[in-house]
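K.L.:
Got a structure for you, written out below as structure tokens; questions coming shortly.
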Number of protein chains: 2
Amino acid sequence: MSHNEKASLKSIAEKFGISVSTVSRVLSGKARQYRISTKTEELVREEADRLGFSPNQIASSLRLKRTRTLGLLIPDISNSFFASVARSVEVEARKRGYSIILADSQENEKIEQETIRLLKSRNIDGLIVAPVGQISEHLEKLHKGGLPVVLLDRYFPNTDLPFVTSDNYKGAFEATEYLILKGHEKIACVGGLPDTSTCIDRRKGYRDAMEKHGRSLDESMIVGDDFGEENGYIESKLLLQRNKKPTAIFTLGNLNAFGAMRAIVEEGLSIPDDISLISFDDYVHSAFLATPLTAVGQQMEAIGQFAVKLLYNQLDSASTAKSKGISLATQFNERASVKDLTPNK
Amino acid sequence: MSHNEKASLKSIAEKFGISVSTVSRVLSGKARQYRISTKTEELVREEADRLGFSPNQIASSLRLKRTRTLGLLIPDISNSFFASVARSVEVEARKRGYSIILADSQENEKIEQETIRLLKSRNIDGLIVAPVGQISEHLEKLHKGGLPVVLLDRYFPNTDLPFVTSDNYKGAFEATEYLILKGHEKIACVGGLPDTSTCIDRRKGYRDAMEKHGRSLDESMIVGDDFGEENGYIESKLLLQRNKKPTAIFTLGNLNAFGAMRAIVEEGLSIPDDISLISFDDYVHSAFLATPLTAVGQQMEAIGQFAVKLLYNQLDSASTAKSKGISLATQFNERASVKDLTPNK
DNA sequence: TTGTATGCGTTATCAG
DNA sequence: CTGATAACGCATACAA
């Protein structure tokens, strides 16, 4: 039956004694435009269906200089936040006929740079990237070189690279204010990679909330080197062993929060009785944690969709929309990890 | 400076008045083999570096009929199990010079089939797939058509498609036996998509453990339609409202477990005092759950690595290794979600 | 309504 | 040691 060498426009054309162009036109939906006879069109269509044939995208890409492929470069796809965003990106991209080449930079700048080069050599039409470091040159160069780029989660303030992120400032501000209104004075801010926009904005939200409410700003309460669990653990542990412990910890990322929990448990303390905890990044199953965690949720699905949309605006030359960047609202999910220290009225 | 049209073998060749072939040879590391003069080689190398140029993979792919691209088709990349496996696959594949086109079938057979077609038209060199349904024809056809395929997580017993999965039978057997040894009689088995190998094997493990220990096998205690949270919730809820409630629930997947927890909480019961819970699939942060969850862990990273390795065996024509399938050991993680019902000695 | 011819950028073959 | 050339499969300008 199907012992053909390998289907192609040519093989189909030969089978019916017609030309490759005709087959190409039919299969790329241009039968109308070229006024191909219904008979011919049918013939080709049926044969293609029978063979399960679709034109070779590689050849097409070479010819059209367009691969309909997007690069998605993520620091850690096993992190639930990024996994959710990635899913959204993939689904949204496929809707528009684009495939996703996934790459994991493993939170490593060098891998990020190498991978970008790799992706470029694969002729992606656009790149969605959650950058690892604070260096933006390589991305700006790409962008200026004509490759559509959209930043995810983190952005670079001094560039015009479009981005999609949450309103990190406001989310952090609200979380901190919530703690303050619950009567907390000594609030620690734990975790985050210091030079990333996410960390900077969240810390600023924290600071401004403290100031607004006249809380003294103890800089030694703002600690953290990255978004990892280990860092949350270490910094929390140190904080908890001080003379003047904080009464609340605000972690800047979901992994930081789990590290903090580990430290808290290890110190024999409990949440929220001994110490309150709030985290940026909500967790799918936060409600089932030992103490249901109060957290700042992000709109992962929307982030992914916007990223694709912003990229699409750049891909579609007709589009005039030149969005610079988008901040999405966060959601404050109050659960049970914060103790109310205000005197009962 | 770099206001070149677009770098290519040709543009570089012209710049130095040499031939495209020579440039190609240098840049594909065949300078030695073709005994290119050191001078020429240097020249080309430097220029390529200066431009950050790598040969166009699309053109190369067309010529070589090999894309160095693998398809990774997953039912839900936002599920932490698959996210971890995906990360491992991507890292392992990149090590070997392969890129990953990620596709999410959204637990939908139709999307799976369409996507496979899409991936094929993109000329992937191999496919790693965690199939949604119980239909294997499309995959067998692919495989017989010469496309290397490796199944992930689930396999089809009556085919010779190579697979990587956990030892689901043994993991489930151990979990069930553990419950029995803790004195449980009425043990429910909740969740799982009935016709998948994972579900079948896990249920068989459950059944055999029950039988081995002379427990009556109440078929109405084996319930579930899929691996989702909602199904875990519904089935658990129904079980808990029976006259003769189970004293323990064994869920067949991580999402099922969260559904079960939700039902348990909603019924005003507590784990493990009122009901014990064990789940297949461990959870990164199971230890921090309200009741630290006893669970059967899988080796996500190894699964991903093996998948790539098995695929690689097929890609590498020189290889004789024709592995049929691999089962990886599970790990039983005892925590605190199971109550000991045995009389104190 | 259809066909012919060209080129996309690369690699392999063959020829020097 | 190097070069010219053909071919990979497709899409389009041009021709009929």
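Lettering and numbering for the structure tokens are positional, with chains as A, B, ... in the shown order, residues counted from 1 in each chain, and ligands counted from 1 in the shown order.
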Would you write out, as a Markdown table, a table of all residues in chain D that have an atom no more than 7 Å from an atom of chain A, listing for each the closest atom pair and the distance in Å to one decimal, considering only C-alpha atoms (C1' of nucleotides) and ordering rows by chain and rising residue number?
P.N.:
```
| residue | atom | partner | partner_atom | distance |
| --- | --- | --- | --- | --- |
| D:DG9 | C1' | A:Ala59 | CA | 5.0 |
| D:DC10 | C1' | A:Ser60 | CA | 5.0 |
| D:DA11 | C1' | A:Arg63 | CA | 6.7 |
```
K.L.:
Please identify every residue of chain A that has at least one atom no more than 7 Å from any atom of chain B, counting only C-alpha atoms, and report them as number ranges by chain.
P.N.:
A: 54-59, 62, 77-78, 80, 83-84, 87, 90, 99-104, 121-122, 288-291
K.L.:
I'd like the superposed copy of chain A - fitted to chain B by least squares over all paired Cα atoms - as a tab-separated table (two decimals) with C-alpha atoms, in the first residue's frame.
P.N.:
```tsv
chain	number	residue	atom	x	y	z
A	1	MET	CA	29.97	47.45	11.41
A	2	SER	CA	27.68	44.51	11.10
A	3	HIS	CA	25.45	45.96	8.45
A	4	ASN	CA	25.75	42.81	6.42
A	5	GLU	CA	22.72	41.61	4.62
A	6	LYS	CA	22.80	38.31	6.34
A	7	ALA	CA	25.76	36.11	7.01
A	8	SER	CA	26.01	32.83	5.16
A	9	LEU	CA	28.64	30.46	3.96
A	10	LYS	CA	28.52	32.31	0.72
A	11	SER	CA	28.98	35.78	2.18
A	12	ILE	CA	31.97	34.61	4.15
A	13	ALA	CA	33.42	32.80	1.17
A	14	GLU	CA	33.12	35.87	-1.00
A	15	LYS	CA	34.72	38.06	1.59
A	16	PHE	CA	37.91	36.02	1.34
A	17	GLY	CA	37.62	34.96	-2.24
A	18	ILE	CA	37.37	31.33	-1.34
A	19	SER	CA	34.70	28.80	-2.07
A	20	VAL	CA	31.58	27.98	-0.17
A	21	SER	CA	32.71	24.39	0.24
A	22	THR	CA	35.80	25.44	2.06
A	23	VAL	CA	33.88	27.57	4.48
A	24	SER	CA	31.41	24.76	4.98
A	25	ARG	CA	34.17	22.30	5.69
A	26	VAL	CA	35.83	24.52	8.23
A	27	LEU	CA	32.64	25.35	10.03
A	28	SER	CA	31.47	21.78	10.22
A	29	GLY	CA	34.75	20.77	11.76
A	30	LYS	CA	36.07	18.93	8.75
A	31	ALA	CA	39.09	21.08	8.18
A	32	ARG	CA	41.36	18.24	9.21
A	33	GLN	CA	39.66	15.66	7.12
A	34	TYR	CA	39.91	17.82	4.02
A	35	ARG	CA	43.32	19.11	4.95
A	36	ILE	CA	42.33	22.73	4.75
A	37	SER	CA	45.31	25.00	5.29
A	38	THR	CA	45.64	26.34	8.78
A	39	LYS	CA	45.66	29.85	7.43
A	40	THR	CA	42.36	29.47	5.65
A	41	GLU	CA	40.84	27.73	8.58
A	42	GLU	CA	41.84	30.49	10.97
A	43	LEU	CA	40.51	33.11	8.64
A	44	VAL	CA	37.11	31.49	8.41
A	45	ARG	CA	36.90	30.66	12.06
A	46	GLU	CA	37.66	34.18	13.13
A	47	GLU	CA	35.20	35.71	10.78
A	48	ALA	CA	32.47	33.34	11.91
A	49	ASP	CA	33.21	34.14	15.52
A	50	ARG	CA	33.26	37.82	14.80
A	51	LEU	CA	29.84	37.62	13.24
A	52	GLY	CA	28.48	35.14	15.74
A	53	PHE	CA	27.63	33.07	12.73
A	54	SER	CA	26.52	29.48	12.72
A	55	PRO	CA	25.39	27.73	9.57
A	56	ASN	CA	21.70	27.84	8.85
A	57	GLN	CA	20.25	24.69	10.32
A	58	ILE	CA	17.24	24.79	8.09
A	59	ALA	CA	19.28	24.55	4.98
A	60	SER	CA	21.47	21.96	6.55
A	61	SER	CA	18.44	19.95	7.62
A	62	LEU	CA	17.02	20.01	4.16
A	63	ARG	CA	20.23	18.82	2.69
A	64	LEU	CA	20.94	16.15	5.29
A	65	LYS	CA	17.36	15.07	5.86
A	66	ARG	CA	17.97	15.31	9.54
A	67	THR	CA	16.86	18.12	11.78
A	68	ARG	CA	18.42	17.21	15.09
A	69	THR	CA	15.08	18.00	16.57
A	70	LEU	CA	12.97	15.77	18.77
A	71	GLY	CA	9.29	16.08	19.44
A	72	LEU	CA	8.17	15.93	23.06
A	73	LEU	CA	4.47	15.37	23.38
A	74	ILE	CA	3.08	15.58	26.87
A	75	PRO	CA	-0.50	15.56	28.14
A	76	ASP	CA	0.04	18.42	30.56
A	77	ILE	CA	3.30	20.20	30.98
A	78	SER	CA	1.98	22.11	33.97
A	79	ASN	CA	1.71	18.84	35.89
A	80	SER	CA	4.82	18.77	38.05
A	81	PHE	CA	5.61	15.18	37.15
A	82	PHE	CA	5.71	15.92	33.46
A	83	ALA	CA	7.41	19.24	33.96
A	84	SER	CA	10.27	17.54	35.73
A	85	VAL	CA	10.52	14.86	33.10
A	86	ALA	CA	10.45	17.49	30.36
A	87	ARG	CA	13.28	19.38	31.93
A	88	SER	CA	15.35	16.25	32.07
A	89	VAL	CA	14.55	15.40	28.47
A	90	GLU	CA	15.48	18.85	27.25
A	91	VAL	CA	18.77	18.96	29.09
A	92	GLU	CA	19.73	15.47	28.03
A	93	ALA	CA	18.76	16.07	24.43
A	94	ARG	CA	20.67	19.32	24.19
A	95	LYS	CA	23.77	17.58	25.48
A	96	ARG	CA	23.58	15.44	22.39
A	97	GLY	CA	22.93	18.29	20.03
A	98	TYR	CA	19.19	17.88	19.78
A	99	SER	CA	16.53	20.51	20.27
A	100	ILE	CA	13.08	19.83	21.61
A	101	ILE	CA	9.82	20.87	20.07
A	102	LEU	CA	7.41	20.85	22.93
A	103	ALA	CA	3.75	20.11	22.45
A	104	ASP	CA	1.01	19.74	25.00
A	105	SER	CA	-1.80	17.41	24.03
A	106	GLN	CA	-3.96	18.71	26.85
A	107	GLU	CA	-5.04	15.15	27.68
A	108	ASN	CA	-6.89	15.12	24.41
A	109	GLU	CA	-6.54	12.34	21.87
A	110	LYS	CA	-7.51	14.45	18.94
A	111	ILE	CA	-4.97	17.10	19.74
A	112	GLU	CA	-2.43	14.35	20.17
A	113	GLN	CA	-3.07	13.00	16.71
A	114	GLU	CA	-3.07	16.37	15.04
A	115	THR	CA	0.06	17.36	16.83
A	116	ILE	CA	1.86	14.23	15.79
A	117	ARG	CA	1.07	15.06	12.21
A	118	LEU	CA	2.34	18.56	12.77
A	119	LEU	CA	5.53	17.29	14.29
A	120	LYS	CA	6.02	14.90	11.43
A	121	SER	CA	5.67	17.68	8.90
A	122	ARG	CA	8.38	19.46	10.84
A	123	ASN	CA	10.63	16.53	10.20
A	124	ILE	CA	11.52	15.67	13.73
A	125	ASP	CA	14.14	12.97	13.99
A	126	GLY	CA	12.37	11.25	16.84
A	127	LEU	CA	9.40	11.46	19.13
A	128	ILE	CA	9.06	11.10	22.85
A	129	VAL	CA	5.44	10.85	23.80
A	130	ALA	CA	3.33	10.24	26.86
A	131	PRO	CA	0.23	9.06	25.02
A	132	VAL	CA	-3.17	10.21	26.13
A	133	GLY	CA	-5.36	7.38	25.09
A	134	GLN	CA	-5.21	3.69	24.72
A	135	ILE	CA	-4.95	3.79	20.97
A	136	SER	CA	-1.53	2.95	19.69
A	137	GLU	CA	-2.07	2.55	15.97
A	138	HIS	CA	-0.97	6.02	14.99
A	139	LEU	CA	2.20	5.62	16.99
A	140	GLU	CA	2.95	2.17	15.67
A	141	LYS	CA	2.47	3.41	12.18
A	142	LEU	CA	4.94	6.19	12.79
A	143	HIS	CA	7.41	3.80	14.28
A	144	LYS	CA	7.12	1.32	11.47
A	145	GLY	CA	7.35	4.20	9.06
A	146	GLY	CA	10.85	4.68	10.36
A	147	LEU	CA	10.43	7.41	12.91
A	148	PRO	CA	12.09	6.55	16.19
A	149	VAL	CA	9.53	6.70	18.97
A	150	VAL	CA	9.80	6.27	22.71
A	151	LEU	CA	6.86	6.11	25.04
A	152	LEU	CA	7.00	7.85	28.34
A	153	ASP	CA	5.16	6.92	31.49
A	154	ARG	CA	2.65	4.77	29.66
A	155	TYR	CA	3.24	1.90	27.28
A	156	PHE	CA	1.23	-0.38	25.08
A	157	PRO	CA	1.65	-4.03	26.05
A	158	ASN	CA	0.87	-5.48	22.66
A	159	THR	CA	3.28	-3.42	20.64
A	160	ASP	CA	7.00	-3.29	20.39
A	161	LEU	CA	7.20	0.42	20.98
A	162	PRO	CA	10.03	1.03	23.41
A	163	PHE	CA	9.04	2.75	26.63
A	164	VAL	CA	10.28	4.18	29.88
A	165	THR	CA	8.07	3.94	32.88
A	166	SER	CA	8.21	3.35	36.59
A	167	ASP	CA	7.63	-0.04	38.09
A	168	ASN	CA	4.05	0.85	38.70
A	169	TYR	CA	3.05	-2.61	39.76
A	170	LYS	CA	5.65	-2.90	42.46
A	171	GLY	CA	5.20	0.63	43.69
A	172	ALA	CA	1.49	0.10	44.11
A	173	PHE	CA	1.99	-3.30	45.65
A	174	GLU	CA	4.31	-1.90	48.27
A	175	ALA	CA	2.05	1.00	49.08
A	176	THR	CA	-0.94	-1.25	49.51
A	177	GLU	CA	0.99	-3.76	51.54
A	178	TYR	CA	2.17	-0.96	53.78
A	179	LEU	CA	-1.43	-0.01	54.48
A	180	ILE	CA	-2.32	-3.60	55.18
A	181	LEU	CA	0.56	-4.02	57.57
A	182	LYS	CA	-0.64	-0.93	59.36
A	183	GLY	CA	-3.81	-2.80	60.01
A	184	HIS	CA	-6.08	-1.39	57.33
A	185	GLU	CA	-8.82	-3.61	55.97
A	186	LYS	CA	-10.99	-1.41	53.85
A	187	ILE	CA	-8.62	0.25	51.44
A	188	ALA	CA	-9.93	2.20	48.49
A	189	CYS	CA	-8.04	2.62	45.25
A	190	VAL	CA	-8.91	5.96	43.72
A	191	GLY	CA	-8.30	7.56	40.36
A	192	GLY	CA	-6.39	6.71	37.23
A	193	LEU	CA	-7.43	6.50	33.62
A	194	PRO	CA	-8.67	2.91	33.45
A	195	ASP	CA	-7.18	1.85	30.14
A	196	THR	CA	-3.71	3.21	30.59
A	197	SER	CA	-0.90	0.88	31.48
A	198	THR	CA	-0.05	3.01	34.47
A	199	CYS	CA	-3.51	2.62	35.89
A	200	ILE	CA	-3.77	-1.06	35.04
A	201	ASP	CA	-0.42	-1.89	36.59
A	202	ARG	CA	-1.04	0.13	39.70
A	203	ARG	CA	-4.42	-1.45	40.22
A	204	LYS	CA	-2.94	-4.86	39.72
A	205	GLY	CA	-0.33	-4.10	42.36
A	206	TYR	CA	-3.12	-3.06	44.68
A	207	ARG	CA	-5.15	-6.17	43.97
A	208	ASP	CA	-2.29	-8.58	44.35
A	209	ALA	CA	-1.23	-7.06	47.64
A	210	MET	CA	-4.78	-7.35	48.94
A	211	GLU	CA	-4.97	-10.94	47.86
A	212	LYS	CA	-1.60	-11.89	49.18
A	213	HIS	CA	-2.71	-10.79	52.59
A	214	GLY	CA	-6.09	-12.43	52.31
A	215	ARG	CA	-8.01	-9.20	52.19
A	216	SER	CA	-11.39	-9.46	50.59
A	217	LEU	CA	-11.36	-7.61	47.31
A	218	ASP	CA	-14.28	-5.21	47.18
A	219	GLU	CA	-14.47	-4.10	43.57
A	220	SER	CA	-16.57	-1.11	44.52
A	221	MET	CA	-13.51	0.20	46.29
A	222	ILE	CA	-11.65	0.49	43.01
A	223	VAL	CA	-12.90	3.68	41.42
A	224	GLY	CA	-11.73	6.43	39.10
A	225	ASP	CA	-11.94	7.66	35.54
A	226	ASP	CA	-8.81	9.69	35.06
A	227	PHE	CA	-5.75	11.16	36.72
A	228	GLY	CA	-7.26	14.56	37.41
A	229	GLU	CA	-7.84	16.34	40.68
A	230	GLU	CA	-11.56	16.57	40.11
A	231	ASN	CA	-11.88	12.84	39.72
A	232	GLY	CA	-9.97	12.25	42.94
A	233	TYR	CA	-12.33	14.64	44.64
A	234	ILE	CA	-15.53	13.14	43.33
A	235	GLU	CA	-14.63	9.52	43.92
A	236	SER	CA	-13.30	10.20	47.39
A	237	LYS	CA	-16.35	12.17	48.32
A	238	LEU	CA	-18.57	9.29	47.27
A	239	LEU	CA	-16.50	6.80	49.18
A	240	LEU	CA	-16.59	8.88	52.33
A	241	GLN	CA	-20.33	9.08	52.27
A	242	ARG	CA	-20.87	5.36	52.17
A	243	ASN	CA	-22.05	3.37	55.11
A	244	LYS	CA	-18.87	1.41	55.27
A	245	LYS	CA	-16.22	4.02	54.66
A	246	PRO	CA	-12.72	2.93	53.80
A	247	THR	CA	-10.14	3.54	56.50
A	248	ALA	CA	-7.52	4.31	53.88
A	249	ILE	CA	-7.37	5.71	50.39
A	250	PHE	CA	-4.66	4.92	47.90
A	251	THR	CA	-4.73	7.42	45.04
A	252	LEU	CA	-3.13	6.56	41.73
A	253	GLY	CA	-1.76	9.98	40.90
A	254	ASN	CA	-0.66	13.25	42.49
A	255	LEU	CA	-3.64	15.23	41.28
A	256	ASN	CA	-6.01	12.51	42.43
A	257	ALA	CA	-4.43	12.87	45.85
A	258	PHE	CA	-5.16	16.56	46.06
A	259	GLY	CA	-8.71	15.90	45.04
A	260	ALA	CA	-8.97	13.31	47.78
A	261	MET	CA	-7.59	15.79	50.30
A	262	ARG	CA	-10.15	18.31	49.28
A	263	ALA	CA	-12.94	15.81	49.76
A	264	ILE	CA	-11.57	14.71	53.10
A	265	VAL	CA	-11.31	18.27	54.38
A	266	GLU	CA	-14.76	19.04	53.10
A	267	GLU	CA	-16.20	16.09	54.95
A	268	GLY	CA	-14.71	17.44	58.11
A	269	LEU	CA	-12.36	14.51	58.43
A	270	SER	CA	-8.69	14.63	59.14
A	271	ILE	CA	-5.68	12.74	57.89
A	272	PRO	CA	-4.63	10.35	59.28
A	273	ASP	CA	-6.87	10.24	62.31
A	274	ASP	CA	-10.09	9.69	60.43
A	275	ILE	CA	-8.70	8.38	57.21
A	276	SER	CA	-5.29	7.43	55.92
A	277	LEU	CA	-3.94	8.49	52.57
A	278	ILE	CA	-1.16	7.28	50.33
A	279	SER	CA	-0.54	8.46	46.82
A	280	PHE	CA	1.27	7.29	43.78
A	281	ASP	CA	3.49	10.15	42.58
A	282	ASP	CA	5.34	12.04	45.17
A	283	TYR	CA	5.16	15.73	45.36
A	284	VAL	CA	8.07	18.12	45.62
A	285	HIS	CA	6.74	19.59	48.81
A	286	SER	CA	4.77	16.70	50.20
A	287	ALA	CA	6.62	17.12	53.46
A	288	PHE	CA	5.03	20.51	54.02
A	289	LEU	CA	1.47	19.45	53.55
A	290	ALA	CA	-1.01	19.67	56.39
A	291	THR	CA	-0.23	16.07	56.99
A	292	PRO	CA	3.05	15.13	55.39
A	293	LEU	CA	2.00	12.75	52.68
A	294	THR	CA	3.24	9.21	52.43
A	295	ALA	CA	3.79	8.62	48.76
A	296	VAL	CA	5.34	6.53	46.02
A	297	GLY	CA	7.98	8.61	44.31
A	298	GLN	CA	9.13	8.28	40.74
A	299	GLN	CA	12.50	9.10	39.27
A	300	MET	CA	11.53	11.91	36.97
A	301	GLU	CA	15.01	12.86	35.97
A	302	ALA	CA	16.04	9.32	35.16
A	303	ILE	CA	12.86	8.76	33.19
A	304	GLY	CA	13.71	11.73	31.00
A	305	GLN	CA	17.28	10.62	30.55
A	306	PHE	CA	16.35	7.08	29.64
A	307	ALA	CA	13.79	8.30	27.18
A	308	VAL	CA	16.42	10.29	25.33
A	309	LYS	CA	18.84	7.41	25.53
A	310	LEU	CA	16.38	4.93	24.09
A	311	LEU	CA	15.58	7.34	21.33
A	312	TYR	CA	19.23	7.89	20.68
A	313	ASN	CA	19.74	4.16	20.29
A	314	GLN	CA	17.26	4.23	17.47
A	315	LEU	CA	18.70	7.36	15.93
A	316	ASP	CA	22.17	5.99	15.94
A	317	SER	CA	22.02	3.44	13.21
A	318	ALA	CA	25.26	1.91	14.40
A	319	SER	CA	23.68	0.99	17.67
A	320	THR	CA	22.57	-2.56	18.10
A	321	ALA	CA	20.82	-1.97	21.39
A	322	LYS	CA	17.18	-2.59	20.69
A	323	SER	CA	15.73	-2.03	24.12
A	324	LYS	CA	12.11	-2.92	24.31
A	325	GLY	CA	11.27	-1.04	27.43
A	326	ILE	CA	12.52	0.00	30.81
A	327	SER	CA	10.89	0.06	34.21
A	328	LEU	CA	12.47	2.21	36.86
A	329	ALA	CA	12.24	1.55	40.55
A	330	THR	CA	9.93	3.67	42.63
A	331	GLN	CA	10.71	4.98	46.04
A	332	PHE	CA	8.41	4.59	48.98
A	333	ASN	CA	8.46	7.73	51.09
A	334	GLU	CA	6.93	7.17	54.45
A	335	ARG	CA	5.62	10.30	56.09
A	336	ALA	CA	2.67	10.86	58.34
A	337	SER	CA	-0.53	10.35	56.41
A	338	VAL	CA	-1.17	6.77	57.46
A	339	LYS	CA	-2.50	5.78	60.85
A	340	ASP	CA	-1.31	2.62	62.51
A	341	LEU	CA	-4.37	0.55	63.36
A	342	THR	CA	-2.55	-2.45	64.70
A	343	PRO	CA	-3.09	-3.13	68.38
A	344	ASN	CA	-0.22	-1.98	70.52
A	345	LYS	CA	1.85	-4.98	71.36
```
K.L.:
May I have all residues of region 294-342 of chain B that DSSP, computed from the backbone, assigns to strand (DSSP E), given as a ChimeraX atom specification?
P.N.:
/B:294-297,325-328,331-333
K.L.:
Using only C-alpha atoms (C1' of nucleotides), which chain C residues lie at most 9 Å away from chain A, written as a list in words?
P.N.:
DT1, DT2, DG3, DG7, DC8 and DG9 of chain C
K.L.:
Restricted to N, CA, C and O atoms (P, O5', C5', C4', C3', O3' and C1' of nucleotides), what would the selected residues look like written as an mmCIF file, in the first residue's frame?
P.N.:
```
data_model
loop_
_atom_site.group_PDB
_atom_site.id
_atom_site.type_symbol
_atom_site.label_atom_id
_atom_site.label_comp_id
_atom_site.auth_asym_id
_atom_site.auth_seq_id
_atom_site.Cartn_x
_atom_site.Cartn_y
_atom_site.Cartn_z
ATOM 1 P P DT C 1 -10.964 28.323 -13.726
ATOM 2 O "O5'" DT C 1 -9.675 27.397 -13.810
ATOM 3 C "C5'" DT C 1 -9.673 26.225 -14.550
ATOM 4 C "C4'" DT C 1 -8.268 26.001 -15.013
ATOM 5 C "C3'" DT C 1 -7.319 25.428 -13.970
ATOM 6 O "O3'" DT C 1 -7.205 24.037 -14.197
ATOM 7 C "C1'" DT C 1 -6.282 27.053 -15.386
ATOM 8 P P DT C 2 -6.252 23.129 -13.436
ATOM 9 O "O5'" DT C 2 -4.841 23.532 -14.028
ATOM 10 C "C5'" DT C 2 -4.407 22.928 -15.236
ATOM 11 C "C4'" DT C 2 -3.041 23.444 -15.571
ATOM 12 C "C3'" DT C 2 -1.907 22.914 -14.706
ATOM 13 O "O3'" DT C 2 -1.288 21.886 -15.439
ATOM 14 C "C1'" DT C 2 -1.609 25.186 -15.350
ATOM 15 P P DG C 3 -0.051 21.114 -14.848
ATOM 16 O "O5'" DG C 3 1.177 21.898 -15.501
ATOM 17 C "C5'" DG C 3 1.190 22.096 -16.909
ATOM 18 C "C4'" DG C 3 2.406 22.915 -17.283
ATOM 19 C "C3'" DG C 3 3.722 22.401 -16.692
ATOM 20 O "O3'" DG C 3 4.716 22.450 -17.691
ATOM 21 C "C1'" DG C 3 3.402 24.671 -16.109
ATOM 22 P P DG C 7 18.450 31.986 -10.003
ATOM 23 O "O5'" DG C 7 18.161 32.000 -8.441
ATOM 24 C "C5'" DG C 7 17.084 32.760 -7.911
ATOM 25 C "C4'" DG C 7 16.793 32.263 -6.515
ATOM 26 C "C3'" DG C 7 18.056 31.914 -5.703
ATOM 27 O "O3'" DG C 7 17.907 32.449 -4.411
ATOM 28 C "C1'" DG C 7 16.572 30.083 -5.705
ATOM 29 P P DC C 8 19.133 32.794 -3.524
ATOM 30 O "O5'" DC C 8 18.635 32.468 -2.055
ATOM 31 C "C5'" DC C 8 17.358 32.838 -1.561
ATOM 32 C "C4'" DC C 8 16.914 31.798 -0.564
ATOM 33 C "C3'" DC C 8 18.070 31.157 0.199
ATOM 34 O "O3'" DC C 8 18.296 31.888 1.403
ATOM 35 C "C1'" DC C 8 16.406 29.535 -0.499
ATOM 36 P P DG C 9 19.695 32.553 1.695
ATOM 37 O "O5'" DG C 9 20.509 31.315 2.277
ATOM 38 C "C5'" DG C 9 20.129 30.765 3.513
ATOM 39 C "C4'" DG C 9 20.857 29.465 3.713
ATOM 40 C "C3'" DG C 9 22.385 29.597 3.661
ATOM 41 O "O3'" DG C 9 22.885 28.962 4.810
ATOM 42 C "C1'" DG C 9 21.642 27.874 2.211
#
```
